[in-house]
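A.B. asks: File name my_file23.txt; file contents compact mmCIF, C-alpha atoms and all ligand atoms; full text below.
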```txt
# COMPACT_ATOMS: atom_id res chain seq x y z
CA MET A 241 -28.76 -13.74 -17.80
CA GLU A 242 -32.19 -15.05 -18.59
CA LYS A 243 -35.18 -13.54 -16.87
CA ARG A 244 -37.41 -16.24 -15.46
CA ILE A 245 -40.92 -16.36 -14.03
CA LEU A 246 -42.45 -19.31 -12.25
CA ILE A 247 -46.24 -19.37 -11.87
CA LYS A 248 -47.20 -21.92 -9.23
CA ASN A 249 -50.39 -23.36 -7.69
CA ILE A 250 -52.40 -22.63 -10.85
CA LYS A 251 -55.93 -23.89 -10.33
CA GLU A 252 -56.39 -24.70 -14.02
CA LEU A 253 -53.84 -24.36 -16.82
CA VAL A 254 -55.94 -24.26 -19.98
CA LEU A 255 -55.20 -25.21 -23.61
CA VAL A 256 -52.00 -27.08 -23.01
CA GLU A 257 -50.23 -28.81 -25.87
CA TYR A 258 -47.61 -31.41 -24.96
CA PRO A 259 -44.31 -31.53 -26.87
CA GLY A 260 -44.74 -33.22 -30.22
CA GLU A 261 -48.53 -32.83 -30.13
CA GLU A 262 -48.78 -29.18 -31.20
CA LYS A 263 -51.39 -28.47 -33.86
CA GLN A 264 -51.71 -25.59 -36.28
CA MET A 265 -55.46 -25.46 -35.73
CA VAL A 266 -58.30 -27.72 -34.61
CA SER A 267 -61.43 -28.61 -36.56
CA GLY A 268 -64.68 -30.51 -36.14
CA THR A 269 -64.92 -32.74 -33.06
CA ASP A 270 -61.32 -31.89 -32.08
CA MET A 271 -62.54 -28.38 -31.32
CA ASN A 272 -64.24 -29.78 -28.23
CA GLN A 273 -60.97 -31.25 -26.91
CA LEU A 274 -59.10 -29.00 -24.49
CA SER A 275 -56.18 -30.18 -22.38
CA VAL A 276 -56.41 -28.68 -18.91
CA ILE A 277 -53.98 -29.34 -16.05
CA SER A 278 -55.37 -28.84 -12.55
CA ASN A 279 -53.03 -27.61 -9.80
CA ALA A 280 -50.29 -26.73 -12.25
CA TRP A 281 -47.03 -24.81 -12.57
CA LEU A 282 -45.66 -22.96 -15.57
CA ALA A 283 -42.17 -21.60 -16.18
CA ILE A 284 -41.23 -18.72 -18.47
CA GLU A 285 -37.70 -17.99 -19.68
CA ASP A 286 -37.21 -14.64 -21.37
CA ASP A 287 -40.15 -14.36 -23.77
CA GLN A 288 -40.96 -18.08 -24.05
CA ILE A 289 -42.83 -20.80 -22.23
CA ALA A 290 -40.07 -23.06 -20.87
CA GLY A 291 -42.10 -25.78 -19.15
CA PHE A 292 -45.26 -26.74 -17.30
CA GLY A 293 -46.71 -29.63 -15.32
CA THR A 294 -48.65 -30.54 -12.19
CA MET A 295 -47.53 -29.28 -8.78
CA SER A 296 -47.23 -32.89 -7.61
CA ASP A 297 -44.38 -33.57 -10.04
CA TRP A 298 -42.74 -30.21 -9.55
CA GLU A 299 -39.24 -30.64 -8.22
CA GLY A 300 -38.91 -27.25 -6.56
CA ILE A 301 -36.51 -24.53 -7.49
CA GLN A 302 -32.79 -25.19 -7.57
CA ASP A 303 -31.72 -21.84 -8.88
CA TRP A 304 -33.32 -18.67 -7.55
CA THR A 305 -31.21 -16.22 -9.52
CA ASN A 306 -33.24 -13.78 -11.55
CA LEU A 307 -36.44 -15.71 -10.80
CA GLU A 308 -39.79 -14.12 -10.07
CA VAL A 309 -42.41 -16.35 -8.44
CA VAL A 310 -46.12 -15.74 -8.96
CA ASP A 311 -48.53 -17.59 -6.69
CA ALA A 312 -51.72 -18.25 -8.71
CA GLU A 313 -53.64 -20.03 -5.94
CA GLY A 314 -57.32 -20.22 -6.99
CA LYS A 315 -56.55 -18.64 -10.36
CA THR A 316 -56.62 -19.95 -13.91
CA VAL A 317 -53.94 -19.42 -16.57
CA LEU A 318 -54.91 -19.22 -20.25
CA PRO A 319 -53.18 -18.34 -23.50
CA ALA A 320 -53.74 -14.64 -24.26
CA PHE A 321 -56.53 -14.27 -26.81
CA CYS A 322 -55.75 -14.03 -30.54
CA ASP A 323 -58.17 -11.55 -32.14
CA SER A 324 -57.76 -12.19 -35.85
CA HIS A 325 -60.18 -9.59 -37.27
CA THR A 326 -60.30 -5.95 -36.14
CA HIS A 327 -60.46 -2.43 -37.50
CA ILE A 328 -59.17 -0.61 -34.38
CA VAL A 329 -57.45 2.21 -36.29
CA TYR A 330 -60.21 4.75 -36.89
CA TYR A 331 -60.85 8.38 -36.10
CA GLY A 332 -63.97 9.38 -34.20
CA ASN A 333 -66.97 7.22 -33.53
CA ARG A 334 -70.38 6.77 -35.16
CA GLU A 335 -72.72 6.59 -32.20
CA ASN A 336 -75.04 9.03 -34.01
CA GLU A 337 -75.58 6.36 -36.71
CA TRP A 338 -76.40 3.86 -34.01
CA VAL A 339 -78.96 6.28 -32.58
CA SER A 340 -80.48 6.53 -36.10
CA ARG A 341 -80.66 2.74 -36.19
CA LEU A 342 -82.49 2.78 -32.85
CA ASN A 343 -84.92 5.16 -34.53
CA GLY A 344 -85.57 2.68 -37.30
CA LYS A 345 -82.95 3.19 -40.03
CA SER A 346 -81.02 0.22 -41.30
CA TYR A 347 -77.21 -0.08 -41.59
CA GLU A 348 -77.69 -0.22 -45.36
CA GLU A 349 -79.87 2.93 -45.46
CA ILE A 350 -77.32 4.82 -43.37
CA ALA A 351 -74.49 3.73 -45.69
CA ASN A 352 -76.51 4.74 -48.77
CA GLU A 353 -76.96 8.22 -47.30
CA GLY A 354 -73.18 8.72 -47.06
CA GLY A 355 -72.78 7.34 -43.54
CA GLY A 356 -71.09 4.07 -42.69
CA ILE A 357 -67.59 3.35 -43.95
CA ILE A 358 -67.51 6.56 -46.02
CA ASN A 359 -68.36 8.62 -42.92
CA SER A 360 -65.37 7.05 -41.14
CA ALA A 361 -63.14 7.62 -44.18
CA LEU A 362 -63.97 11.32 -44.38
CA LYS A 363 -63.18 11.71 -40.67
CA LEU A 364 -59.93 9.76 -40.93
CA ARG A 365 -58.64 11.67 -43.95
CA GLU A 366 -58.79 14.90 -41.90
CA ALA A 367 -56.81 13.47 -38.97
CA SER A 368 -53.03 13.62 -38.74
CA GLU A 369 -51.08 10.39 -38.32
CA GLU A 370 -50.32 11.42 -34.74
CA GLU A 371 -53.98 12.06 -33.87
CA LEU A 372 -54.99 8.77 -35.43
CA PHE A 373 -52.26 6.94 -33.54
CA GLU A 374 -53.37 8.44 -30.22
CA GLN A 375 -56.97 7.28 -30.67
CA ALA A 376 -55.93 3.84 -31.87
CA MET A 377 -53.57 3.41 -28.93
CA VAL A 378 -56.45 3.90 -26.50
CA ARG A 379 -58.13 0.89 -28.16
CA ALA A 380 -54.92 -1.13 -28.30
CA ASN A 381 -54.44 -0.65 -24.54
CA GLU A 382 -58.09 -1.44 -23.91
CA ILE A 383 -57.99 -4.77 -25.77
CA MET A 384 -54.77 -5.77 -24.01
CA ALA A 385 -56.42 -5.16 -20.64
CA GLN A 386 -59.29 -7.38 -21.83
CA GLY A 387 -56.91 -10.24 -22.58
CA THR A 388 -55.92 -9.88 -26.23
CA GLY A 389 -52.25 -10.60 -26.88
CA ALA A 390 -52.22 -10.82 -30.67
CA VAL A 391 -54.35 -8.78 -33.02
CA GLU A 392 -54.92 -8.34 -36.72
CA ILE A 393 -55.65 -4.74 -37.66
CA LYS A 394 -57.05 -3.61 -41.01
CA SER A 395 -56.77 -0.42 -43.01
CA GLY A 396 -59.90 0.47 -44.99
CA TYR A 397 -60.97 3.88 -43.71
CA GLY A 398 -58.51 5.76 -45.92
CA LEU A 399 -59.76 4.65 -49.33
CA ASN A 400 -57.00 6.52 -51.15
CA LEU A 401 -53.27 5.94 -51.36
CA GLU A 402 -52.24 8.62 -48.89
CA SER A 403 -54.75 7.75 -46.19
CA GLU A 404 -54.44 3.98 -46.52
CA LEU A 405 -50.67 4.42 -46.05
CA LYS A 406 -51.35 6.65 -43.04
CA MET A 407 -53.48 3.93 -41.45
CA LEU A 408 -50.94 1.20 -42.17
CA ARG A 409 -48.13 3.31 -40.68
CA VAL A 410 -50.22 3.74 -37.54
CA ILE A 411 -50.66 -0.05 -37.41
CA ARG A 412 -46.88 -0.41 -37.75
CA ARG A 413 -46.40 2.01 -34.83
CA ILE A 414 -48.81 0.01 -32.66
CA LYS A 415 -46.71 -3.04 -33.47
CA GLU A 416 -43.51 -1.24 -32.53
CA GLU A 417 -44.75 0.57 -29.44
CA THR A 418 -46.93 -2.02 -27.66
CA PRO A 419 -46.26 -5.59 -26.52
CA LEU A 420 -49.09 -6.79 -28.77
CA THR A 421 -48.23 -9.14 -31.61
CA VAL A 422 -49.72 -7.29 -34.58
CA LYS A 423 -50.57 -8.41 -38.10
CA SER A 424 -51.53 -5.79 -40.63
CA THR A 425 -54.11 -6.07 -43.41
CA LEU A 426 -54.65 -3.90 -46.47
CA LEU A 427 -58.39 -3.36 -46.87
CA ALA A 428 -58.43 -0.55 -49.45
CA ALA A 429 -61.39 -2.42 -51.01
CA HIS A 430 -63.68 -1.64 -48.08
CA ALA A 431 -65.96 0.75 -50.00
CA VAL A 432 -65.81 2.85 -53.16
CA PRO A 433 -64.78 6.38 -52.06
CA PRO A 434 -66.81 9.46 -53.15
CA GLU A 435 -64.22 10.58 -55.74
CA PHE A 436 -64.78 7.28 -57.61
CA LYS A 437 -68.58 7.30 -57.22
CA GLY A 438 -70.08 5.56 -60.25
CA ASN A 439 -66.61 4.38 -61.27
CA LYS A 440 -65.93 1.31 -59.14
CA GLU A 441 -63.71 -0.07 -61.89
CA GLY A 442 -61.51 3.02 -61.65
CA TYR A 443 -61.07 2.45 -57.92
CA VAL A 444 -60.35 -1.28 -58.35
CA LYS A 445 -57.63 -0.35 -60.86
CA HIS A 446 -56.28 2.27 -58.46
CA ILE A 447 -56.04 -0.39 -55.74
CA ILE A 448 -54.34 -2.91 -58.01
CA GLU A 449 -52.02 -0.54 -59.84
CA GLU A 450 -51.16 2.06 -57.17
CA ILE A 451 -52.10 1.07 -53.63
CA ILE A 452 -50.98 -2.58 -53.53
CA PRO A 453 -47.55 -1.86 -55.07
CA ALA A 454 -46.91 1.09 -52.74
CA VAL A 455 -47.96 -0.85 -49.66
CA SER A 456 -45.89 -3.84 -50.59
CA GLN A 457 -42.86 -1.68 -51.36
CA GLU A 458 -42.99 -0.22 -47.85
CA GLY A 459 -43.64 -3.70 -46.37
CA LEU A 460 -46.68 -2.33 -44.57
CA ALA A 461 -49.10 -5.27 -44.81
CA ASP A 462 -49.18 -9.01 -44.19
CA PHE A 463 -52.62 -9.69 -45.64
CA ILE A 464 -55.02 -8.48 -48.35
CA ASP A 465 -58.75 -8.08 -47.64
CA VAL A 466 -61.86 -7.12 -49.65
CA PHE A 467 -65.42 -6.38 -48.51
CA CYS A 468 -67.07 -8.83 -50.91
CA GLU A 469 -70.71 -7.78 -50.64
CA LYS A 470 -73.61 -6.48 -52.69
CA GLY A 471 -73.16 -2.73 -53.11
CA TYR A 472 -69.43 -2.91 -52.31
CA PHE A 473 -67.17 -5.27 -54.32
CA ASP A 474 -68.46 -8.16 -56.41
CA ASN A 475 -66.90 -11.61 -56.85
CA HIS A 476 -64.91 -10.57 -59.90
CA ASP A 477 -63.46 -7.48 -58.15
CA THR A 478 -62.70 -9.64 -55.12
CA GLN A 479 -60.81 -12.20 -57.16
CA ARG A 480 -58.73 -9.58 -58.97
CA ILE A 481 -57.82 -7.69 -55.80
CA LEU A 482 -57.02 -10.81 -53.77
CA GLU A 483 -54.88 -12.17 -56.62
CA ALA A 484 -53.03 -8.87 -56.99
CA GLY A 485 -52.37 -8.90 -53.25
CA GLN A 486 -51.18 -12.49 -53.34
CA GLN A 487 -48.80 -11.66 -56.18
CA ALA A 488 -47.36 -8.95 -53.95
CA GLY A 489 -46.84 -11.53 -51.18
CA LEU A 490 -49.96 -10.79 -49.10
CA LYS A 491 -52.11 -13.70 -47.93
CA ALA A 492 -55.84 -13.37 -48.54
CA LYS A 493 -58.36 -13.05 -45.71
CA TYR A 494 -61.55 -11.26 -46.54
CA HIS A 495 -65.09 -10.22 -45.63
CA VAL A 496 -67.75 -12.37 -47.29
CA ASN A 497 -71.36 -13.50 -46.71
CA GLN A 498 -72.08 -10.80 -44.12
CA PHE A 499 -75.45 -9.76 -45.55
CA THR A 500 -75.88 -11.76 -48.74
CA ILE A 501 -74.81 -15.01 -50.34
CA SER A 502 -73.07 -14.02 -53.56
CA GLY A 503 -70.92 -17.03 -54.33
CA GLY A 504 -67.91 -14.96 -53.28
CA LEU A 505 -66.87 -17.61 -50.78
CA GLU A 506 -65.82 -19.91 -53.59
CA VAL A 507 -63.39 -17.27 -54.84
CA GLY A 508 -61.38 -17.40 -51.61
CA VAL A 509 -61.49 -21.16 -51.34
CA LYS A 510 -60.07 -21.44 -54.87
CA LEU A 511 -57.35 -18.92 -54.00
CA ASN A 512 -56.53 -20.84 -50.81
CA ALA A 513 -57.34 -17.83 -48.62
CA LEU A 514 -56.07 -17.96 -45.05
CA SER A 515 -59.50 -17.06 -43.72
CA VAL A 516 -63.03 -16.25 -44.83
CA ASP A 517 -64.64 -13.88 -42.35
CA HIS A 518 -68.24 -13.13 -41.24
CA LEU A 519 -70.40 -15.89 -42.88
CA GLU A 520 -73.52 -14.71 -41.07
CA VAL A 521 -75.36 -16.16 -44.06
CA LEU A 522 -74.14 -19.40 -45.52
CA ALA A 523 -75.61 -21.85 -48.02
CA PRO A 524 -75.33 -25.57 -47.16
CA ASP A 525 -73.15 -26.25 -50.21
CA GLU A 526 -70.77 -23.54 -49.00
CA ILE A 527 -70.11 -25.60 -45.88
CA ASP A 528 -69.07 -28.42 -48.21
CA LEU A 529 -66.77 -26.06 -50.09
CA LEU A 530 -64.82 -25.38 -46.91
CA LYS A 531 -64.28 -29.03 -45.98
CA ASN A 532 -60.66 -30.25 -45.79
CA LYS A 533 -59.21 -26.92 -46.82
CA ASP A 534 -56.47 -24.77 -45.29
CA THR A 535 -58.94 -21.85 -45.18
CA ILE A 536 -60.47 -21.17 -41.77
CA ALA A 537 -63.88 -19.59 -41.14
CA THR A 538 -63.65 -16.60 -38.80
CA LEU A 539 -66.92 -15.79 -37.07
CA LEU A 540 -67.80 -12.46 -35.48
CA PRO A 541 -70.83 -12.85 -33.22
CA SER A 542 -70.53 -9.41 -31.59
CA CYS A 543 -71.17 -7.93 -35.06
CA SER A 544 -74.38 -9.97 -35.29
CA PHE A 545 -75.30 -8.82 -31.79
CA PHE A 546 -74.79 -5.12 -32.54
CA LEU A 547 -76.36 -5.08 -36.03
CA GLU A 548 -79.10 -7.57 -35.11
CA ILE A 549 -78.30 -9.72 -38.12
CA PRO A 550 -78.20 -13.53 -38.14
CA TYR A 551 -75.46 -15.38 -36.27
CA SER A 552 -73.18 -17.63 -38.32
CA PRO A 553 -74.21 -21.28 -38.29
CA ALA A 554 -71.20 -22.29 -36.19
CA ARG A 555 -72.81 -25.47 -34.87
CA GLU A 556 -73.50 -26.79 -38.36
CA MET A 557 -70.02 -25.83 -39.49
CA ILE A 558 -68.23 -27.57 -36.62
CA ASP A 559 -70.53 -30.60 -36.86
CA ALA A 560 -69.58 -30.80 -40.54
CA GLY A 561 -65.93 -31.03 -39.49
CA LEU A 562 -64.82 -27.45 -40.18
CA PRO A 563 -62.43 -25.33 -38.12
CA VAL A 564 -63.83 -22.08 -36.74
CA ALA A 565 -62.04 -19.04 -35.28
CA LEU A 566 -63.72 -16.31 -33.24
CA ALA A 567 -62.79 -12.63 -33.42
CA THR A 568 -64.29 -9.30 -32.39
CA ASP A 569 -64.44 -7.21 -35.64
CA TYR A 570 -63.87 -4.15 -33.39
CA ASN A 571 -64.84 -1.15 -35.60
CA PRO A 572 -66.93 2.03 -35.30
CA GLY A 573 -69.87 0.87 -37.44
CA SER A 574 -70.79 -2.74 -36.82
CA THR A 575 -68.95 -3.65 -33.59
CA PRO A 576 -67.74 -0.84 -31.34
CA SER A 577 -66.31 -3.30 -28.83
CA GLY A 578 -63.21 -5.48 -28.67
CA LYS A 579 -63.89 -7.86 -25.84
CA ILE A 580 -63.08 -11.48 -26.70
CA PRO A 581 -64.65 -12.93 -23.52
CA PHE A 582 -67.98 -11.40 -24.56
CA VAL A 583 -67.54 -12.88 -28.06
CA MET A 584 -66.98 -16.26 -26.40
CA SER A 585 -70.20 -15.88 -24.37
CA LEU A 586 -72.17 -14.96 -27.49
CA ALA A 587 -70.67 -17.90 -29.37
CA CYS A 588 -71.89 -20.26 -26.66
CA ILE A 589 -75.28 -18.70 -26.11
CA LYS A 590 -76.22 -17.64 -29.65
CA MET A 591 -74.24 -20.00 -31.87
CA LYS A 592 -74.46 -23.10 -29.66
CA MET A 593 -70.72 -23.54 -29.45
CA LYS A 594 -69.35 -25.48 -26.49
CA VAL A 595 -67.05 -24.01 -23.88
CA ASN A 596 -64.01 -25.96 -25.06
CA GLU A 597 -64.76 -24.97 -28.64
CA VAL A 598 -64.80 -21.26 -27.88
CA TYR A 599 -61.42 -21.43 -26.15
CA ASN A 600 -59.89 -23.20 -29.14
CA ALA A 601 -61.61 -20.76 -31.50
CA ALA A 602 -60.38 -17.62 -29.71
CA CYS A 603 -56.85 -18.87 -29.06
CA LEU A 604 -55.28 -21.50 -31.32
CA ASN A 605 -57.60 -21.04 -34.30
CA GLY A 606 -57.42 -17.27 -33.95
CA ALA A 607 -53.64 -17.56 -34.11
CA TYR A 608 -53.95 -19.74 -37.23
CA ALA A 609 -56.18 -17.11 -38.86
CA MET A 610 -53.24 -14.68 -38.47
CA ASP A 611 -50.61 -17.18 -39.58
CA LEU A 612 -49.25 -17.18 -36.03
CA SER A 613 -50.14 -20.59 -34.63
CA LYS A 614 -46.55 -21.84 -34.64
CA GLU A 615 -45.69 -19.23 -32.02
CA LEU A 616 -48.96 -18.39 -30.25
CA GLY A 617 -52.43 -19.60 -29.30
CA SER A 618 -51.71 -22.38 -26.79
CA ILE A 619 -49.61 -23.28 -23.77
CA ALA A 620 -46.72 -25.14 -25.41
CA VAL A 621 -43.00 -25.26 -24.70
CA GLY A 622 -41.16 -22.84 -26.98
CA LYS A 623 -44.22 -20.77 -27.77
CA LYS A 624 -44.22 -17.11 -26.88
CA ALA A 625 -45.22 -16.50 -23.25
CA ASN A 626 -48.47 -14.62 -23.95
CA LEU A 627 -50.64 -15.57 -20.99
CA LEU A 628 -53.56 -14.44 -18.89
CA VAL A 629 -53.85 -14.99 -15.16
CA THR A 630 -57.48 -14.74 -14.10
CA LYS A 631 -58.92 -13.55 -10.82
CA GLU A 632 -60.05 -16.37 -8.55
CA ILE A 633 -62.76 -18.15 -10.54
CA PRO A 634 -64.40 -21.54 -9.97
CA SER A 635 -63.50 -22.97 -13.40
CA TYR A 636 -62.61 -21.84 -16.91
CA SER A 637 -66.27 -22.22 -17.95
CA PHE A 638 -67.00 -19.30 -15.64
CA ILE A 639 -65.51 -16.79 -18.10
CA PRO A 640 -68.01 -17.29 -20.97
CA TYR A 641 -70.78 -18.07 -18.45
CA SER A 642 -70.39 -14.84 -16.53
CA PHE A 643 -70.89 -12.72 -19.65
CA GLY A 644 -69.69 -9.13 -19.66
CA GLY A 645 -67.63 -9.75 -16.53
CA ASP A 646 -64.06 -8.74 -15.89
CA HIS A 647 -62.10 -11.77 -14.78
CA ILE A 648 -58.54 -11.02 -15.84
CA ASP A 649 -56.10 -10.27 -13.07
CA GLU A 650 -52.86 -10.09 -14.98
CA VAL A 651 -51.65 -10.09 -18.57
CA ILE A 652 -48.21 -11.42 -19.50
CA LEU A 653 -47.01 -10.64 -23.03
CA ASN A 654 -43.65 -11.73 -24.48
CA GLY A 655 -42.76 -12.99 -21.00
CA GLU A 656 -43.30 -9.55 -19.43
CA ARG A 657 -45.91 -8.88 -16.76
CA ILE A 658 -47.64 -5.82 -18.12
CA SER A 659 -49.69 -3.37 -16.15
CA THR A 660 -52.92 -2.67 -17.98
O1 LIG B 1 -66.53 -5.99 -40.69
N1 LIG B 1 -68.27 -5.26 -43.24
C1 LIG B 1 -67.40 -4.46 -43.44
N2 LIG B 1 -66.65 -3.83 -42.54
C2 LIG B 1 -66.93 -3.75 -41.14
C3 LIG B 1 -67.86 -2.64 -40.81
C4 LIG B 1 -67.32 -1.36 -41.23
C5 LIG B 1 -68.04 -0.16 -40.73
O2 LIG B 1 -69.28 -0.11 -40.61
O3 LIG B 1 -67.31 0.81 -40.47
C6 LIG B 1 -67.35 -5.09 -40.62
O4 LIG B 1 -68.46 -5.27 -40.11
FE FE B 2 -64.61 -6.48 -40.41
```
Please re-express this file's structure in structure tokens.
Ligand code: NIG
Ligand code: FE

C.D. replies:
Amino acid sequence: MEKRILIKNIKELVLVEYPGEEKQMVSGTDMNQLSVISNAWLAIEDDQIAGFGTMSDWEGIQDWTNLEVVDAEGKTVLPAFCDSHTHIVYYGNRENEWVSRLNGKSYEEIANEGGGIINSALKLREASEEELFEQAMVRANEIMAQGTGAVEIKSGYGLNLESELKMLRVIRRIKEETPLTVKSTLLAAHAVPPEFKGNKEGYVKHIIEEIIPAVSQEGLADFIDVFCEKGYFDNHDTQRILEAGQQAGLKAKYHVNQFTISGGLEVGVKLNALSVDHLEVLAPDEIDLLKNKDTIATLLPSCSFFLEIPYSPAREMIDAGLPVALATDYNPGSTPSGKIPFVMSLACIKMKMKVNEVYNAACLNGAYAMDLSKELGSIAVGKKANLLVTKEIPSYSFIPYSFGGDHIDEVILNGERIST
């Protein structure tokens, strides 16, 4: 027998897509369109959204068997957030590096002194898979409580075959043992590890010839990523690694234009990458490059906030007709926080995005950036019932407005009410 939930008296049901009108993503002026039903009901059957509408056309309940009724009077219902860029599997934190930054050192200086990604890699290599899993699960539970229902998680703190596999197996366990929808990304090209110091080419070969084949043989990743940045991997390395990943069946989504404009964006556009992430710095002709492409720009304003680097020119990008997704970048170095509502506030306040745009960017477009928008990211019949019920709030604008607040009352994932 099916398990059914009826949510009634919903003050606002946000990001609804009517049958036949479902989109894979929204771009440009469409990003400011958000269908909202006031005084709504929503029905769930098993793990799917079965129907929705306004209370005035609700015909009541004929069949009460196996039905749970939730009264959402005064509350808003949203799609659970889709966080398409995180690094939540890591061991130990780097708050000491942050303290050094407060004392005047730059992120780059800290990395050059052996801190940064290498610091995290040395810590992670020492940890057992079990210890790593336990720490990562704390973060997985934390992001769920903050409204994330689907998450992309990257490797990239192993930087050798054994430890990259260890990270990816932990990601697989998070997928198996939590109600989160998880996509996994191989980011072996996050930094050149100490044993390859001065021999970047050797490490690139190791990634292409050893790590990618092993990962693909175990089916451990969905996507391939590279940190395309001065001092890390150049455009040529990026192209070779992304292509090798694509040949192994992994879609490309990668870090580019975080600190410098290298021309590396063009590489991904040519390879039809699923997403290009960061873009804190962006040349005007790079906006043109992204027009009318399947590649989505994923912006990470809480990274800009924490590192005090420029914010991506989201307004210019959307005004030029591009699609934009928002994600947290949760990681120990540049963004030790995984709270999508805060990212939405920053996007409005610092990147001049509009309220409707940030909902589309953190839900439907976030799902697209994980290749999940057919099943997630909006309120649509047949989509997975991944939903948030808020506390009593005056309107959905209140969530990004009331920055840093905690407005989520209940999280429903795969049609299950989960206690967070
Ligand atoms: O997305 N830019 C590269 N990777 C991370 C930061 C990694 C770290 O500092 O540990 C990012 O910001
Ligand atoms: Fe990142």

A.B. asks: If we count only C-alpha atoms, what is near stretch 300-302 of chain A at a cut-off of 12 Å, once residues fewer than 6 positions away on the same chain are taken out, given as a list in words?

C.D. replies: Arg244, Ile245, Leu246, Ile247, Lys248, Trp281, Ala283, Gly293, Thr294, Glu308 and Val309 of chain A

A.B. asks: Show me which residues line ligand FE 2 (chain B), defined as having an atom within 7 Å of a ligand atom where all atoms listed in the file count, and present them as a list in words.

C.D. replies: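 Checking all atoms listed in the file against ligand FE 2 (chain B) at 7 Å gives His325, Thr326, His327, His495 and Asp569 of chain A.
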
A.B. asks: I need every residue sitting at most 8 Å from the point (-51.6, -26.9, -24.7) (coordinates as in the file, only C-alpha atoms considered), written as an NGL selection string.

C.D. replies: :A and (254-258 or 262 or 274-276 or 618-620)

A.B. asks: Using 10 Å as the limit and counting only C-alpha atoms and all ligand atoms, can you tabulate each residue of chain A that touches ligand LIG 1 (chain B), with its shortest atom-to-atom distance in Å and the two atoms involved, as CSV?

C.D. replies:
```
residue,atom,partner,partner_atom,distance
A:His325,CA,B:LIG1,O1,8.1
A:Thr326,CA,B:LIG1,O1,7.7
A:His327,CA,B:LIG1,C2,7.5
A:Tyr330,CA,B:LIG1,O3,8.9
A:Asn333,CA,B:LIG1,O3,9.5
A:Arg334,CA,B:LIG1,O3,8.6
A:Glu337,CA,B:LIG1,O2,9.8
A:Tyr347,CA,B:LIG1,O2,8.0
A:Glu348,CA,B:LIG1,O2,9.7
A:Ile350,CA,B:LIG1,O2,9.8
A:Ala351,CA,B:LIG1,O2,8.2
A:Gly355,CA,B:LIG1,O2,8.7
A:Gly356,CA,B:LIG1,O2,5.0
A:Ile357,CA,B:LIG1,O3,4.3
A:Ile358,CA,B:LIG1,O3,8.0
A:Asn359,CA,B:LIG1,O3,8.3
A:Ser360,CA,B:LIG1,O3,6.6
A:Ala361,CA,B:LIG1,O3,8.8
A:Lys394,CA,B:LIG1,N2,9.7
A:Gly396,CA,B:LIG1,N2,8.4
A:Tyr397,CA,B:LIG1,O3,7.8
A:Leu427,CA,B:LIG1,N2,9.3
A:Ala429,CA,B:LIG1,C1,9.9
A:His430,CA,B:LIG1,C1,6.6
A:Ala431,CA,B:LIG1,C1,8.5
A:Val466,CA,B:LIG1,C1,8.7
A:Phe467,CA,B:LIG1,C1,5.8
A:Cys468,CA,B:LIG1,N1,8.5
A:Glu469,CA,B:LIG1,N1,8.2
A:Tyr472,CA,B:LIG1,C1,9.2
A:Tyr494,CA,B:LIG1,O1,9.3
A:His495,CA,B:LIG1,N1,6.4
A:Val496,CA,B:LIG1,N1,8.2
A:Asn497,CA,B:LIG1,N1,9.5
A:Gln498,CA,B:LIG1,N1,6.8
A:Phe499,CA,B:LIG1,N1,8.8
A:Asp517,CA,B:LIG1,O1,8.3
A:His518,CA,B:LIG1,O1,7.4
A:Leu540,CA,B:LIG1,O1,8.4
A:Ser542,CA,B:LIG1,O4,9.7
A:Cys543,CA,B:LIG1,O4,6.3
A:Ser544,CA,B:LIG1,O4,9.0
A:Phe546,CA,B:LIG1,O4,9.9
A:Leu547,CA,B:LIG1,O4,8.9
A:Thr568,CA,B:LIG1,O1,9.2
A:Asp569,CA,B:LIG1,O1,5.6
A:Tyr570,CA,B:LIG1,O1,8.0
A:Asn571,CA,B:LIG1,O3,5.8
A:Pro572,CA,B:LIG1,O3,5.3
A:Gly573,CA,B:LIG1,O2,3.4
A:Ser574,CA,B:LIG1,O4,4.8
A:Thr575,CA,B:LIG1,O4,6.7
A:Pro576,CA,B:LIG1,O3,9.3
```

A.B. asks: Counting all atoms listed in the file, which of A:Leu420, A:Ala601, A:Ala320, A:Leu616 gets nearest to A:Val651?

C.D. replies: A:Ala320

A.B. asks: Have a look at atom CA of A:Ser324 and atom CA of A:Tyr608 and let me know their distance in Å, one decimal.

C.D. replies: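 Atom-to-atom, atom CA of A:Ser324 and atom CA of A:Tyr608 are spaced 8.6 Å apart.
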
A.B. asks: I'd like the contact shell of A:Ile652 - 8 Å cut-off, all atoms listed in the file, skipping same-chain residues fewer than 6 positions apart - returned as a list in words.

C.D. replies: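 The residues that qualify are Ala320, Ala625, Asn626, Leu627, Leu628, Val629 and Ile658 of chain A.
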
A.B. asks: Would you place a box with edges along x, y and z of the file around all atoms of stretch 293-308 of chain A listed there, add 4 Å to each of its six sides, and report the centre and edge lengths in Å to one decimal, as JSON?

C.D. replies:
```
{"center_x": -39.9, "center_y": -23.7, "center_z": -10.9, "size_x": 25.4, "size_y": 27.8, "size_z": 16.8}
```

A.B. asks: Would you pick out the contacts of A:Ala376 at 10 Å or less, using all atoms listed in the file, so that residues sharing its chain but fewer than 3 positions from it are not included, and give the list as a ChimeraX atom specification?

C.D. replies: /A:327-331,370-373,379-382,407,410-411,414

A.B. asks: In file coordinates, which residues lie within 10 Å of (-63.4, -28.9, -27.2) using all atoms listed in the file, given as a PyMOL selection string?

C.D. replies: chain A and resi 255+266-275+593-601

A.B. asks: Which residues are near A:Ile289? Cut-off 6 Å, only C-alpha atoms, ignore same chain within fewer than 4 positions. Put them as a compact mmCIF listing (two decimals) with C-alpha atoms, in the frame of the given file.

C.D. replies:
```
# COMPACT_ATOMS: atom_id res chain seq x y z
CA ILE A 284 -41.23 -18.72 -18.47
CA VAL A 621 -43.00 -25.26 -24.70
CA GLY A 622 -41.16 -22.84 -26.98
CA LYS A 623 -44.22 -20.77 -27.77
CA ALA A 625 -45.22 -16.50 -23.25
```
